[in-house]
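Before any comments, here is the structure.
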Amino acid sequence: MVVPLISIILLAPLAAFTIFALLGLAKRSFPRQDLLSTAAMLVALGCSLYLLKEVVPKPDPHTVDWISLGNITFSMGFYLDSVTVIMLIVVTLVSSLVHIFSIGYMHGDPRYPRFFAYLSLFSFSMLFLVVSDNLLGIYIGWELVGLCSYLLIGFWFEKDSAANACKKAFLTTRVGDVGMFIGMMILFWQLDFKTFSLYGEGGIFSAVATTDDKLWLSIAGILIFCGAIGKSAQVPLHTWLPDAMEGPTPVSALIHAATMVAAGVYLTARMFPILTPSSSLVIAYIGGITAIVAATIAIVRFDIKRVLAYSTISQLGYMMLAIGAGSYVAGLFHLTTHAFFKALLFLGSGSVIHAFHAMHAHHDDDHADNAEHDHSLVHEHGSEIPPDQDMRNMGGLRRKMPITFITMLIATLSISGVPFIFSGFWSKDKILGGVLGRAMEWNSIHHYVLFGIALCAAGITAFYMFRLIFMTFFGEPRNQEMHNMAHESPWVMTVPLIVLAALSFPVVNHLWFNKDYVKPPPQPHIQAPQHAYVPSDTKIGFTLFGLSEAEAADEEGGTDTEQSDKAHHAHEVAHNIAMVLSIIVAGLGILLSWLFYHRRRFSAEAVATTFRPVYNLFWNKYYFDEFYDGVLVTLTVWKARLFAKFDLSIIDGIVNGVATITQKIFAASIGFFDNRVVDGIVNRVAEVTWAAGGRIRRIQTGAIQTYLFVVLGGIVLIILIFRAL
């Protein structure tokens with residue numbers, strides 16, 4: 001049943017896209033094209049849910065030979081394990097809800113069918129990436145995801161901002177993709193694995209266990225992670241994701257929750273077995289830096305979608321930090337919970353934006369005129385924030401939009417880590433506990449630093465997310481005209497919000513806390529220090545790193561029970577400390593946000609004035625864009641102009657000089673010889689021929705008698721000659 005179900009999951013959205021494409025080429029359409037794309041995703045979702053019971057303890061890849069080049073054969077196939085199934089459910093569920101939401105949100109757009117065609121292709125690309133059992137298949141899906149993001153971010157391409165944003169996203173992620181491709185080639189050639197298959201006896205993971213070249217293995221791991229840096233918007237390749245908000249809001253939800261950015265985390269998790277201590281530490285630090293940098297930028301944003309964009313970047317940093325620190329399951333667990341509450345937040349922001357569309361003259365022209373982008377016009381650092389996205393124009397919407405408010409509040413409580421009743425608390429706690437546990441067991445200063453970074457980011461997250469809630473839904477309306485026109489979204493948009501709100505509660509936790517369902521792959525090159533081990537996670541039931549409890553007991557000479565008690569105690573200490581600290585920082589973040597933006601006990605403007613250098617740093621997004629524009633772009637343009645000048649002056653000068661020499665010397669002498677000698681000979685032959693012809697034609701009298709006389713005379717002359725002989 002596995003292969004047919006996976007085939008249906010892949011072919012359903014691909015078939016929907018193909019039908020749209022063929023109808024587009026034929027310039028035809030049929031009623032309710034949106035239902036075809038939505039139905040295809042619902043079919044894929046049903047098959048994904050059915051696959052939950054098809055996972056076996058030791059899954060085998062379903063592979064066929066694809067291309068043979070000499071002794072090397074490239075295969076293509078599927079690999080179904082617990083992580084694959086969970087990712088399939090996340091992608092198909094979020095994509096299905098985004099499709100349903102888009103029916104209401106994109107209504108009236110002149111390119112309405114094209115939008116759903118792109119969504120179908122986007123979903124297929126991500127699903128193909130998820131099920132592939134080899135790096136080559138992952139890379140194909142990887143690039144298709146990048147293409148679809150380009151098409152959807154620039155969907156309203158008539159706007160310069162959208163056109164620039166899609167180009168920025170495409171080019172920035174290509175930088176990471178180049179690194180990923182080089183890393184793949186190192187595994188293939190430098191480490192002599194001669195395969196892109198990940199699983200099986202001849203696969204990369206089996207070969208990794210036998211190689212001793214940790215240097216090249218570390219380099220390969222970091223370079224492959226470069227692809228994730230681009231796709232998952234990690235520092236320093238994170239600048240494209242906030243600009244991606246130029247696309248329609250449902251696209252933002254899909255990119256930020258289940259497709260584009262999730263692909264980087266999924267790739268890093270899939271390549272977990274090849275990570276060495278060095279590459280793992282690099283990944284952890286990049287994730288930690290990304291989490292804190294993006295969180296601090298989100299504090300000062302006023303565009304509701306960009307606040308959520310930087311929130312996504314920060315949460316992705318959390319996931320990378322977890323995987324780099326060895327908390328494989330925690331990172332993927334947070335990826336799952338984040339997909340649901342972040343999709344809810346983006347769709348909720350889309351509901352808020354949609355609520356103001358009635359203020360425009362003609363509802364059906366809202367998207368055609370690009371209502372999200374055309375009206376202006378509060379400036380934020382040189383850019384225009386559309387008024388229906390500017391939180392400074394909002395306030396008091398909780399009574400106007402109760403469903404949107406309640407669902408977004410649930411998502412905010414989840415992402416802020418409000419304890420015990422929201423899934424985000426459990427996944428974030430598992431990350432913090434895993435990082436602290438690693439630091440305590442290994443006595444690693446690096447992981448203590450990373451834990452501190454993650455803890456600070458958690459508090460900041462709670463602060464800016466409740467800032468968004470207070471500025472949008474509480475207080476008095478700051479734009480009375482917009483407030484008067486605000487309205488709750490139709491059911492086709494609110495139903496997905498309600499479903500996602502339900503999924504923000506711990507309904508999926510049992511998949512991650514079931515010790516028989518999700519297990520991390522081994523890391524053969526990461527070993528615990530001698531006489532030390534990482535304890536079993538009592539919630540999950542497996543050893544993340546190093547020696548198992550029984551092996552550690554043998555090393556120490558103690559009993560299994562004693563070592564198990566020590567492991568259990570160490571685990572409980574780390575997670576209890578992390579849980580208490582995370583609750584404290586989340587509470588402080590919410591309290592400060594309440595005091596600043598709801599009760600108005602403190603002035604955010606006064607604090608910004610007092611700490612102006614820090615505020616300017618956050619406001620200018622750490623000057624990453626300025627650095628890229630002022631250094632990289634300027635340097636590239638300068639080099640282009642230098643090369644152009646070199647081409648015009650040197651290359652063209654050499655070409656023109658050679659042409660002049662050829663013309664003056666070789667061409668002139670050859671021309672002289674041709675004109676004087678060759679043409680002279682030809683002309684002389686012509687003159688002789690002409691003169692001879694002039695004389696011979698005199699005997700051409702036209703008189704038959706003369707011709708007969710000459711012939712007869714010739715015959716007589718010939719006879720006389722023969723007689724004389």
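We label chains A, B, ... in the order they appear in the structure tokens, count residues from 1 in each chain, and number ligands from 1 in the order shown.
Shell of Phe193 of chain A at 7 Å, with only C-alpha atoms counted and residues fewer than 4 places along the chain excluded, is Leu187, Phe188, Trp189, Ile204 and Ala207 of chain A.
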List every residue of segment 136-173 of chain A that has an atom at most 10 Å from any atom of segment 263-283 of chain A, and for each one report the closest atom pair and its distance in Å to one decimal, counting only C-alpha atoms, with rows sorted by chain and then by increasing residue number, as CSV.
```
residue,atom,partner,partner_atom,distance
A:Ile138,CA,A:Leu267,CA,8.2
A:Tyr139,CA,A:Leu267,CA,9.9
A:Gly141,CA,A:Ala263,CA,9.4
A:Trp142,CA,A:Ala263,CA,7.5
A:Val145,CA,A:Ala263,CA,8.6
```
What is the distance, in Å and to one decimal place, between atom CA of Ala502 of chain A and atom CA of Leu344 of chain A?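 Interatomic distance here is 10.1 Å.
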Show me a table, sorted first by chain and then by increasing residue number, of the residues of segment 422-517 of chain A having an atom at most 12 Å from segment 300-314 of chain A, each with its shortest atom pair and the distance in Å to one decimal, counting only C-alpha atoms and written as a Markdown table.
```
| residue | atom | partner | partner_atom | distance |
| --- | --- | --- | --- | --- |
| A:Ile453 | CA | A:Ser314 | CA | 11.3 |
| A:Ala454 | CA | A:Ser314 | CA | 9.7 |
| A:Cys456 | CA | A:Ser314 | CA | 11.5 |
| A:Ala457 | CA | A:Ser314 | CA | 7.7 |
| A:Ala458 | CA | A:Ser314 | CA | 9.4 |
| A:Gly459 | CA | A:Ser314 | CA | 12.0 |
| A:Ile460 | CA | A:Ser311 | CA | 10.0 |
| A:Thr461 | CA | A:Ser311 | CA | 7.3 |
| A:Ala462 | CA | A:Ser311 | CA | 10.3 |
| A:Phe463 | CA | A:Val300 | CA | 11.0 |
| A:Tyr464 | CA | A:Val307 | CA | 8.0 |
| A:Met465 | CA | A:Val307 | CA | 8.2 |
| A:Phe466 | CA | A:Val307 | CA | 11.3 |
| A:Arg467 | CA | A:Val300 | CA | 9.8 |
| A:Leu468 | CA | A:Ile304 | CA | 7.2 |
| A:Ile469 | CA | A:Ile304 | CA | 9.9 |
| A:Phe470 | CA | A:Ile304 | CA | 11.9 |
| A:Met471 | CA | A:Phe302 | CA | 9.3 |
| A:Thr472 | CA | A:Ile304 | CA | 8.6 |
```
I'd like to know which residues of segment 308-499 of chain A are alpha helix (DSSP H) (by DSSP, run on the backbone); could you write them as number ranges by chain? A: 308-324, 328-355, 371-374, 402-415, 423-442, 445-473, 480-485, 491-499
How about saving the chosen residues, C-alpha atoms kept, as a tab-separated table (two decimals), in the first residue's frame?
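Below you can see selection-v3.tsv, which holds the result:
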```
chain	number	residue	atom	x	y	z
A	308	LEU	CA	5.39	37.46	11.63
A	309	ALA	CA	8.11	37.06	9.01
A	310	TYR	CA	10.86	37.86	11.50
A	311	SER	CA	9.09	35.63	14.00
A	312	THR	CA	9.36	32.78	11.50
A	313	ILE	CA	13.07	33.42	11.02
A	314	SER	CA	13.58	33.35	14.79
A	315	GLN	CA	11.64	30.11	15.22
A	316	LEU	CA	13.55	28.50	12.37
A	317	GLY	CA	16.72	29.44	14.21
A	318	TYR	CA	15.33	27.59	17.23
A	319	MET	CA	14.86	24.46	15.15
A	320	MET	CA	18.38	24.63	13.69
A	321	LEU	CA	19.79	25.20	17.17
A	322	ALA	CA	17.99	22.11	18.42
A	323	ILE	CA	19.24	19.88	15.60
A	324	GLY	CA	22.78	21.24	15.90
A	328	TYR	CA	16.81	15.94	16.69
A	329	VAL	CA	13.30	15.08	17.82
A	330	ALA	CA	12.84	18.44	19.57
A	331	GLY	CA	13.72	20.33	16.39
A	332	LEU	CA	11.26	18.38	14.26
A	333	PHE	CA	8.63	18.53	17.00
A	334	HIS	CA	8.88	22.34	17.00
A	335	LEU	CA	8.73	22.33	13.20
A	336	THR	CA	5.38	20.54	13.44
A	337	THR	CA	3.83	22.72	16.12
A	338	HIS	CA	5.21	25.87	14.48
A	339	ALA	CA	3.64	24.91	11.16
A	340	PHE	CA	0.17	25.01	12.68
A	341	PHE	CA	0.33	28.12	14.84
A	342	LYS	CA	2.39	30.09	12.29
A	343	ALA	CA	-0.02	29.20	9.48
A	344	LEU	CA	-2.80	30.37	11.81
A	345	LEU	CA	-1.00	33.65	12.51
A	346	PHE	CA	-0.43	34.41	8.84
A	347	LEU	CA	-3.94	33.46	7.80
A	348	GLY	CA	-5.21	35.50	10.75
A	349	SER	CA	-3.22	38.49	9.55
A	350	GLY	CA	-4.70	37.88	6.11
A	351	SER	CA	-8.15	37.95	7.70
A	352	VAL	CA	-7.31	41.31	9.29
A	353	ILE	CA	-6.07	42.68	5.97
A	354	HIS	CA	-9.15	41.33	4.23
A	355	ALA	CA	-11.32	43.07	6.83
A	371	ALA	CA	-5.01	46.31	-2.47
A	372	GLU	CA	-2.41	45.00	-0.07
A	373	HIS	CA	0.23	47.13	-1.72
A	374	ASP	CA	-1.29	50.02	-3.62
A	402	PRO	CA	-14.04	37.89	17.33
A	403	ILE	CA	-13.15	34.65	15.53
A	404	THR	CA	-9.96	36.09	14.07
A	405	PHE	CA	-9.03	37.57	17.44
A	406	ILE	CA	-9.59	34.39	19.46
A	407	THR	CA	-7.76	32.15	17.00
A	408	MET	CA	-4.80	34.50	16.68
A	409	LEU	CA	-4.66	34.82	20.47
A	410	ILE	CA	-4.47	31.02	20.76
A	411	ALA	CA	-1.61	30.94	18.25
A	412	THR	CA	0.15	33.75	20.11
A	413	LEU	CA	-0.18	31.92	23.42
A	414	SER	CA	1.29	28.84	21.77
A	415	ILE	CA	4.28	30.54	20.14
A	423	SER	CA	1.75	22.75	21.96
A	424	GLY	CA	4.31	25.50	21.44
A	425	PHE	CA	5.25	25.33	25.11
A	426	TRP	CA	6.07	21.62	24.91
A	427	SER	CA	8.14	21.83	21.75
A	428	LYS	CA	10.04	24.93	22.90
A	429	ASP	CA	10.60	23.37	26.33
A	430	LYS	CA	11.97	20.25	24.68
A	431	ILE	CA	14.47	22.38	22.73
A	432	LEU	CA	15.58	24.35	25.80
A	433	GLY	CA	15.79	21.22	27.93
A	434	GLY	CA	17.75	19.37	25.24
A	435	VAL	CA	20.30	22.18	24.84
A	436	LEU	CA	20.73	22.59	28.60
A	437	GLY	CA	20.94	18.83	29.06
A	438	ARG	CA	23.67	18.65	26.42
A	439	ALA	CA	25.58	21.45	28.17
A	440	MET	CA	25.31	19.76	31.55
A	441	GLU	CA	26.26	16.30	30.35
A	442	TRP	CA	29.16	17.44	28.19
A	445	ILE	CA	30.49	26.21	27.47
A	446	HIS	CA	29.24	26.44	23.91
A	447	HIS	CA	25.94	24.85	24.78
A	448	TYR	CA	25.52	26.96	27.90
A	449	VAL	CA	25.91	30.03	25.67
A	450	LEU	CA	23.43	28.60	23.17
A	451	PHE	CA	20.96	27.89	25.97
A	452	GLY	CA	21.24	31.50	27.14
A	453	ILE	CA	20.61	32.76	23.60
A	454	ALA	CA	17.58	30.50	23.20
A	455	LEU	CA	16.18	31.59	26.56
A	456	CYS	CA	16.53	35.29	25.68
A	457	ALA	CA	14.88	34.71	22.30
A	458	ALA	CA	11.97	32.97	24.05
A	459	GLY	CA	11.31	36.01	26.23
A	460	ILE	CA	11.57	38.41	23.29
A	461	THR	CA	9.19	36.24	21.28
A	462	ALA	CA	6.51	36.52	23.96
A	463	PHE	CA	7.04	40.29	24.07
A	464	TYR	CA	6.69	41.10	20.36
A	465	MET	CA	3.87	38.62	19.74
A	466	PHE	CA	1.69	40.13	22.47
A	467	ARG	CA	2.73	43.55	21.19
A	468	LEU	CA	1.11	42.51	17.91
A	469	ILE	CA	-2.05	41.33	19.69
A	470	PHE	CA	-2.38	44.47	21.83
A	471	MET	CA	-1.73	46.87	18.95
A	472	THR	CA	-4.14	45.07	16.61
A	473	PHE	CA	-7.06	43.98	18.75
A	480	GLN	CA	-11.69	55.34	12.73
A	481	GLU	CA	-12.52	55.11	9.02
A	482	MET	CA	-10.76	51.78	8.65
A	483	HIS	CA	-12.25	50.54	11.91
A	484	ASN	CA	-15.79	51.38	10.78
A	485	MET	CA	-15.31	49.39	7.57
A	491	TRP	CA	-16.69	31.22	6.74
A	492	VAL	CA	-14.43	29.92	3.99
A	493	MET	CA	-11.64	31.92	5.67
A	494	THR	CA	-12.60	31.48	9.34
A	495	VAL	CA	-13.02	27.69	9.23
A	496	PRO	CA	-9.28	27.14	8.46
A	497	LEU	CA	-8.48	29.49	11.35
A	498	ILE	CA	-10.59	27.41	13.74
A	499	VAL	CA	-9.01	24.14	12.56
```
So, with only C-alpha atoms as the atoms that count, which of A:Ile421, A:Pro250, A:Glu54, A:Ser416 lies closest to Gly104 of chain A?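 Checking each of A:Ile421, A:Pro250, A:Glu54, A:Ser416 against Gly104 of chain A, counting only C-alpha atoms, the winner is A:Pro250.
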Tell me, as a ChimeraX atom specification, which residues lie within 6 Å of Gly396 of chain A, counting only C-alpha atoms; anything in the same chain fewer than 6 positions away does not count. /A:473-477
For atom CA of Pro236 of chain A and atom CA of Thr84 of chain A, quote the distance in Å rounded to one decimal.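 Rounded to one decimal, the two atoms are 28.7 Å apart.
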